[in-house]
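A.B. asks: This is the content of coords-v1.cif (mmCIF, C-alpha atoms):
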data_coords
#
loop_
_atom_site.label_atom_id
_atom_site.label_comp_id
_atom_site.auth_asym_id
_atom_site.auth_seq_id
_atom_site.Cartn_x
_atom_site.Cartn_y
_atom_site.Cartn_z
CA MET A 174 86.27 121.20 65.78
CA SER A 175 86.57 117.47 66.64
CA HIS A 176 83.83 114.95 67.42
CA TYR A 177 84.24 111.85 69.56
CA HIS A 178 81.83 109.23 70.89
CA PHE A 179 81.61 106.55 73.55
CA ILE A 180 78.77 104.41 74.84
CA LYS A 181 78.22 104.68 78.57
CA PRO A 182 77.52 101.25 80.11
CA ILE A 183 74.23 100.33 81.74
CA LEU A 184 75.81 99.59 85.14
CA ARG A 185 77.49 102.53 86.88
CA LYS A 186 79.90 100.22 88.72
CA SER A 187 81.03 98.51 85.51
CA ARG A 188 84.80 98.15 85.17
CA LYS A 189 84.60 97.26 81.48
CA LYS A 190 86.76 99.26 79.05
CA ILE A 191 84.63 101.54 76.90
CA ALA A 192 85.86 102.39 73.41
CA ILE A 193 86.28 106.07 72.47
CA THR A 194 85.83 106.63 68.73
CA ASP A 195 86.30 109.60 66.43
CA SER A 196 83.69 110.91 63.98
CA ASN A 197 84.76 108.28 61.38
CA GLY A 198 84.26 105.41 63.83
CA ASN A 199 87.99 104.81 64.34
CA ARG A 200 88.98 103.78 67.86
CA VAL A 201 91.18 106.49 69.46
CA GLY A 202 91.24 105.10 72.99
CA SER A 203 89.22 103.67 75.83
CA ILE A 204 87.95 104.67 79.25
CA GLN A 205 87.50 102.54 82.36
CA ARG A 206 86.35 102.88 85.96
CA VAL A 207 89.09 101.54 88.23
CA TYR A 208 89.53 100.69 91.90
CA ASN A 209 92.84 100.95 93.75
CA SER A 210 92.22 97.66 95.57
CA ALA A 211 89.65 94.94 96.15
CA LEU A 212 88.81 96.62 99.47
CA HIS A 213 87.89 99.84 97.63
CA PHE A 214 85.62 97.82 95.34
CA VAL A 215 83.84 96.23 98.33
CA PHE A 216 83.42 99.59 100.12
CA ASP A 217 82.11 101.19 96.95
CA ASN A 218 79.48 98.48 96.59
CA ILE A 219 78.40 98.80 100.21
CA PHE A 220 78.46 102.60 100.37
CA ASP A 221 77.15 104.01 97.11
CA GLU A 222 79.83 105.81 95.07
CA PHE A 223 82.35 105.94 97.92
CA TRP A 224 85.37 105.99 95.59
CA VAL A 225 85.20 107.04 91.98
CA ASN A 226 88.41 106.66 89.97
CA VAL A 227 88.67 106.74 86.18
CA GLU A 228 91.48 105.90 83.78
CA VAL A 229 91.74 106.67 80.05
CA PHE A 230 93.94 104.80 77.57
CA ASN A 231 95.14 105.78 74.09
CA GLU A 232 94.78 103.61 70.97
CA GLU A 233 97.84 101.53 72.02
CA GLU A 234 96.17 100.90 75.42
CA LYS A 235 98.75 102.99 77.28
CA PRO A 236 97.33 105.07 80.17
CA VAL A 237 97.18 108.78 79.24
CA SER A 238 94.87 110.23 81.87
CA LYS A 239 93.81 109.15 85.35
CA ALA A 240 91.61 110.68 88.05
CA SER A 241 91.93 109.33 91.60
CA GLU A 242 89.71 110.48 94.43
CA VAL A 243 91.46 112.27 97.29
CA PHE A 244 90.24 111.00 100.64
CA SER A 245 90.51 113.30 103.67
CA LEU A 246 88.27 115.02 106.24
CA LYS A 247 88.04 118.06 103.97
CA THR A 248 86.81 115.98 101.04
CA MET A 249 84.04 114.34 103.06
CA VAL A 250 81.89 117.40 102.29
CA ARG A 251 83.10 118.19 98.75
CA SER A 252 84.99 115.66 96.70
CA GLU A 253 88.38 116.26 95.09
CA TRP A 254 90.34 114.21 92.60
CA SER A 255 93.98 114.21 91.72
CA VAL A 256 94.14 114.09 87.93
CA PHE A 257 97.19 113.19 85.90
CA SER A 258 97.22 113.81 82.17
CA ASP A 259 100.09 113.16 79.77
CA ARG A 260 99.34 116.49 78.09
CA PHE A 261 98.68 118.73 81.12
CA GLY A 262 100.53 117.02 83.97
CA LYS A 263 99.03 116.86 87.44
CA PHE A 264 96.15 119.06 88.59
CA LEU A 265 93.35 119.03 91.16
CA LEU A 266 89.69 118.61 90.20
CA ARG A 267 87.21 119.98 92.74
CA ASP A 268 83.47 119.53 93.12
CA ARG A 269 81.91 123.01 93.19
CA THR A 270 78.28 121.86 93.12
CA LYS A 271 75.99 124.06 95.20
CA ILE A 272 72.68 122.55 94.07
CA LYS A 273 72.57 118.84 93.18
CA SER A 274 70.50 119.56 90.06
CA ASN A 275 73.26 121.83 88.68
CA PRO A 276 76.54 119.91 89.14
CA CYS A 277 79.86 121.68 88.58
CA LEU A 278 83.49 120.55 88.62
CA GLU A 279 86.37 123.05 88.56
CA PHE A 280 90.05 122.66 87.74
CA THR A 281 93.03 124.86 86.89
CA ILE A 282 95.54 124.16 84.11
CA LYS A 283 98.36 126.61 83.33
CA ASN A 284 96.67 129.45 85.28
CA ASN A 285 93.40 128.96 83.35
CA VAL A 286 90.35 128.03 85.42
CA TYR A 287 87.90 125.65 83.76
CA GLN A 288 84.44 124.53 84.83
CA LEU A 289 82.54 121.49 83.64
CA LYS A 290 78.90 122.18 84.40
CA LYS A 291 75.39 121.13 83.53
CA ASP A 292 72.04 122.82 84.04
CA PHE A 293 68.92 121.09 85.29
CA ALA A 294 67.07 119.03 82.60
CA ASP A 295 69.67 119.95 79.96
CA LYS A 296 71.33 117.31 77.77
CA ILE A 297 74.36 119.53 77.24
CA THR A 298 77.35 119.62 79.59
CA ARG A 299 79.69 122.55 78.95
CA LEU A 300 83.41 122.92 79.52
CA GLU A 301 83.94 126.65 80.00
CA LYS A 302 86.96 128.78 80.67
CA SER A 303 86.71 131.43 83.41
CA THR A 304 86.18 134.00 80.62
CA ASN A 305 82.89 132.16 79.73
CA GLU A 306 84.47 130.87 76.52
CA ILE A 307 83.06 127.44 75.68
CA ILE A 308 85.89 124.97 75.05
CA ALA A 309 83.78 121.82 74.54
CA LEU A 310 80.24 120.47 74.64
CA VAL A 311 79.26 116.98 75.74
CA THR A 312 75.80 115.60 74.96
CA TYR A 313 73.96 112.31 75.28
CA ASP A 314 71.31 110.84 73.00
CA LYS A 315 68.73 109.49 75.49
CA LEU A 316 67.94 109.43 79.20
CA VAL A 317 68.12 105.67 79.73
CA PRO A 318 71.34 103.69 79.41
CA PRO A 319 73.14 102.66 77.34
CA GLN A 320 73.71 106.28 76.30
CA THR A 321 75.85 107.40 73.39
CA ILE A 322 77.99 110.29 74.61
CA THR A 323 79.14 112.81 72.01
CA ILE A 324 82.08 115.11 72.73
CA GLU A 325 82.64 118.21 70.59
CA ILE A 326 85.93 120.00 71.19
CA PHE A 327 86.12 123.46 69.61
CA ASN A 328 89.84 124.14 69.91
CA ASP A 329 93.02 122.29 70.84
CA GLU A 330 93.09 123.78 74.34
CA MET A 331 91.66 120.47 75.63
CA ASP A 332 92.28 116.90 74.49
CA VAL A 333 89.72 114.10 74.26
CA TYR A 334 91.49 111.90 76.81
CA THR A 335 91.51 114.43 79.65
CA LEU A 336 88.00 115.66 78.88
CA SER A 337 86.49 112.16 78.66
CA CYS A 338 88.20 111.26 81.96
CA ILE A 339 86.71 114.29 83.71
CA TYR A 340 83.29 113.92 82.06
CA TYR A 341 82.97 110.22 82.89
CA LEU A 342 83.87 111.02 86.50
CA PHE A 343 81.28 113.83 86.38
CA THR A 344 78.53 111.41 85.27
CA LEU A 345 79.45 108.78 87.85
CA ARG A 346 79.12 111.30 90.71
CA ASP A 347 75.55 112.49 90.04
#
Please express what this file holds, its structure, as structure tokens.
C.D. replies:
Amino acid sequence: MSHYHFIKPILRKSRKKIAITDSNGNRVGSIQRVYNSALHFVFDNIFDEFWVNVEVFNEEEKPVSKASEVFSLKTMVRSEWSVFSDRFGKFLLRDRTKIKSNPCLEFTIKNNVYQLKKDFADKITRLEKSTNEIIALVTYDKLVPPQTITIEIFNDEMDVYTLSCIYYLFTLRD
């Protein structure tokens, strides 16, 4: 089991790089909200959370995971992101939320379906396989920002870079 931490910034639209650390406090990477252009940044500030894109870097500051929002008529109702990970390649992340208080994102890697979901008034976000096996747990320490996010990965089926990319995207969408 591995433990990682990062401190979520106060401002949701912050483009500052956030350090990801391991349980010993060593920096293992960073995460950042990105915009594809200045126009996207302007639209996102006018229309709340219009585009949400996230990029994760390793300890050498090389990009290792990136989630970019797919924009089409179909995604106007339910959002989708194209995710690229050095470890898993390219896959599609879909919003499967039915009730706003219980958000859920779903993705498929190597014929395994995963869901990142959270229950109402619960501090724990779970990454589950379709077999209901819990792959990772993500928790926060307090309700008001800045929050310390703790990621616990139970096996090496998921890496911290891909999971932190998806989780940060998950928190920016609610």
A.B. asks: For the point (82.9, 105.2, 82.6) in file coordinates, what residues are within 9 Å, counting only C-alpha atoms? Give the answer as a list in words?
C.D. replies: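 With a cut-off of 9 Å, the residues come to Ile180, Lys181, Pro182, Arg185, Lys186, Ser187, Arg188, Lys189, Lys190, Ile191, Ile204, Gln205, Arg206, Val227, Glu228, Ser337, Cys338, Tyr340, Tyr341, Leu342, Thr344 and Leu345 of chain A.
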A.B. asks: Go ahead and save the residues from that selection, with C-alpha atoms, as a PDB file, in the frame of the given file.
C.D. replies:
ATOM      1  CA  ILE A 180      78.770 104.410  74.840  1.00  0.00           C
ATOM      2  CA  LYS A 181      78.220 104.680  78.570  1.00  0.00           C
ATOM      3  CA  PRO A 182      77.520 101.250  80.110  1.00  0.00           C
ATOM      4  CA  ARG A 185      77.490 102.530  86.880  1.00  0.00           C
ATOM      5  CA  LYS A 186      79.900 100.220  88.720  1.00  0.00           C
ATOM      6  CA  SER A 187      81.030  98.510  85.510  1.00  0.00           C
ATOM      7  CA  ARG A 188      84.800  98.150  85.170  1.00  0.00           C
ATOM      8  CA  LYS A 189      84.600  97.260  81.480  1.00  0.00           C
ATOM      9  CA  LYS A 190      86.760  99.260  79.050  1.00  0.00           C
ATOM     10  CA  ILE A 191      84.630 101.540  76.900  1.00  0.00           C
ATOM     11  CA  ILE A 204      87.950 104.670  79.250  1.00  0.00           C
ATOM     12  CA  GLN A 205      87.500 102.540  82.360  1.00  0.00           C
ATOM     13  CA  ARG A 206      86.350 102.880  85.960  1.00  0.00           C
ATOM     14  CA  VAL A 227      88.670 106.740  86.180  1.00  0.00           C
ATOM     15  CA  GLU A 228      91.480 105.900  83.780  1.00  0.00           C
ATOM     16  CA  SER A 337      86.490 112.160  78.660  1.00  0.00           C
ATOM     17  CA  CYS A 338      88.200 111.260  81.960  1.00  0.00           C
ATOM     18  CA  TYR A 340      83.290 113.920  82.060  1.00  0.00           C
ATOM     19  CA  TYR A 341      82.970 110.220  82.890  1.00  0.00           C
ATOM     20  CA  LEU A 342      83.870 111.020  86.500  1.00  0.00           C
ATOM     21  CA  THR A 344      78.530 111.410  85.270  1.00  0.00           C
ATOM     22  CA  LEU A 345      79.450 108.780  87.850  1.00  0.00           C
TER      23      LEU A 345
END
A.B. asks: Given the file shown, enumerate the residues that the PyMOL selection byres ((chain A and resi 281) around 12) captures and present them as a list in words.
C.D. replies: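 Evaluating the PyMOL selection byres ((chain A and resi 281) around 12) on these coordinates yields Ser255, Val256, Phe261, Gly262, Lys263, Phe264, Leu265, Leu266, Arg267, Leu278, Glu279, Phe280, Ile282, Lys283, Asn284, Asn285, Val286, Tyr287, Gln288, Leu289, Glu301, Lys302 and Ser303 of chain A.
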A.B. asks: What is the CA of Val243 in chain A-CA of His178 in chain A distance in Å, reported with one decimal?
C.D. replies: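 Computed distance, CA of Val243 in chain A to CA of His178 in chain A, equals 28.3 Å.
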A.B. asks: How would you write, as a list of chain:residue names, the residues chosen by the PyMOL selection byres ((chain A and resi 235-241) around 6) on this structure?
C.D. replies: A:Asn226, A:Val227, A:Glu228, A:Val229, A:Phe230, A:Asn231, A:Glu233, A:Glu234, A:Glu242, A:Trp254, A:Ser255, A:Val256, A:Phe257, A:Ser258, A:Asp259, A:Thr335
A.B. asks: Next, dump the selected residues to file, keeping only C-alpha atoms, as an mmCIF file, in the frame of the given file.
C.D. replies:
data_model
loop_
_atom_site.group_PDB
_atom_site.id
_atom_site.type_symbol
_atom_site.label_atom_id
_atom_site.label_comp_id
_atom_site.auth_asym_id
_atom_site.auth_seq_id
_atom_site.Cartn_x
_atom_site.Cartn_y
_atom_site.Cartn_z
ATOM 1 C CA ASN A 226 88.410 106.660 89.970
ATOM 2 C CA VAL A 227 88.670 106.740 86.180
ATOM 3 C CA GLU A 228 91.480 105.900 83.780
ATOM 4 C CA VAL A 229 91.740 106.670 80.050
ATOM 5 C CA PHE A 230 93.940 104.800 77.570
ATOM 6 C CA ASN A 231 95.140 105.780 74.090
ATOM 7 C CA GLU A 233 97.840 101.530 72.020
ATOM 8 C CA GLU A 234 96.170 100.900 75.420
ATOM 9 C CA GLU A 242 89.710 110.480 94.430
ATOM 10 C CA TRP A 254 90.340 114.210 92.600
ATOM 11 C CA SER A 255 93.980 114.210 91.720
ATOM 12 C CA VAL A 256 94.140 114.090 87.930
ATOM 13 C CA PHE A 257 97.190 113.190 85.900
ATOM 14 C CA SER A 258 97.220 113.810 82.170
ATOM 15 C CA ASP A 259 100.090 113.160 79.770
ATOM 16 C CA THR A 335 91.510 114.430 79.650
#
A.B. asks: Which residues match the PyMOL selection byres ((chain A and resi 290) around 8) in the file above, as JSON, numbers by chain?
C.D. replies: {"A": [275, 276, 277, 278, 288, 289, 291, 292, 298, 299, 300]}
A.B. asks: What's around Asp295 in chain A at 12 Å? Count only C-alpha atoms, leave out sequence neighbours fewer than 6 positions away in its own chain, and write the answer as a PyMOL selection string.
C.D. replies: chain A and resi 274-276+310-316
A.B. asks: Of the candidates A:Phe293, A:Ser252, A:Ser210, A:Leu336, which shows the shortest atom-to-atom distance to Ile272 in chain A, using all atoms listed in the file?
C.D. replies: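 Comparing A:Phe293, A:Ser252, A:Ser210, A:Leu336 against Ile272 in chain A, the winner is A:Phe293.
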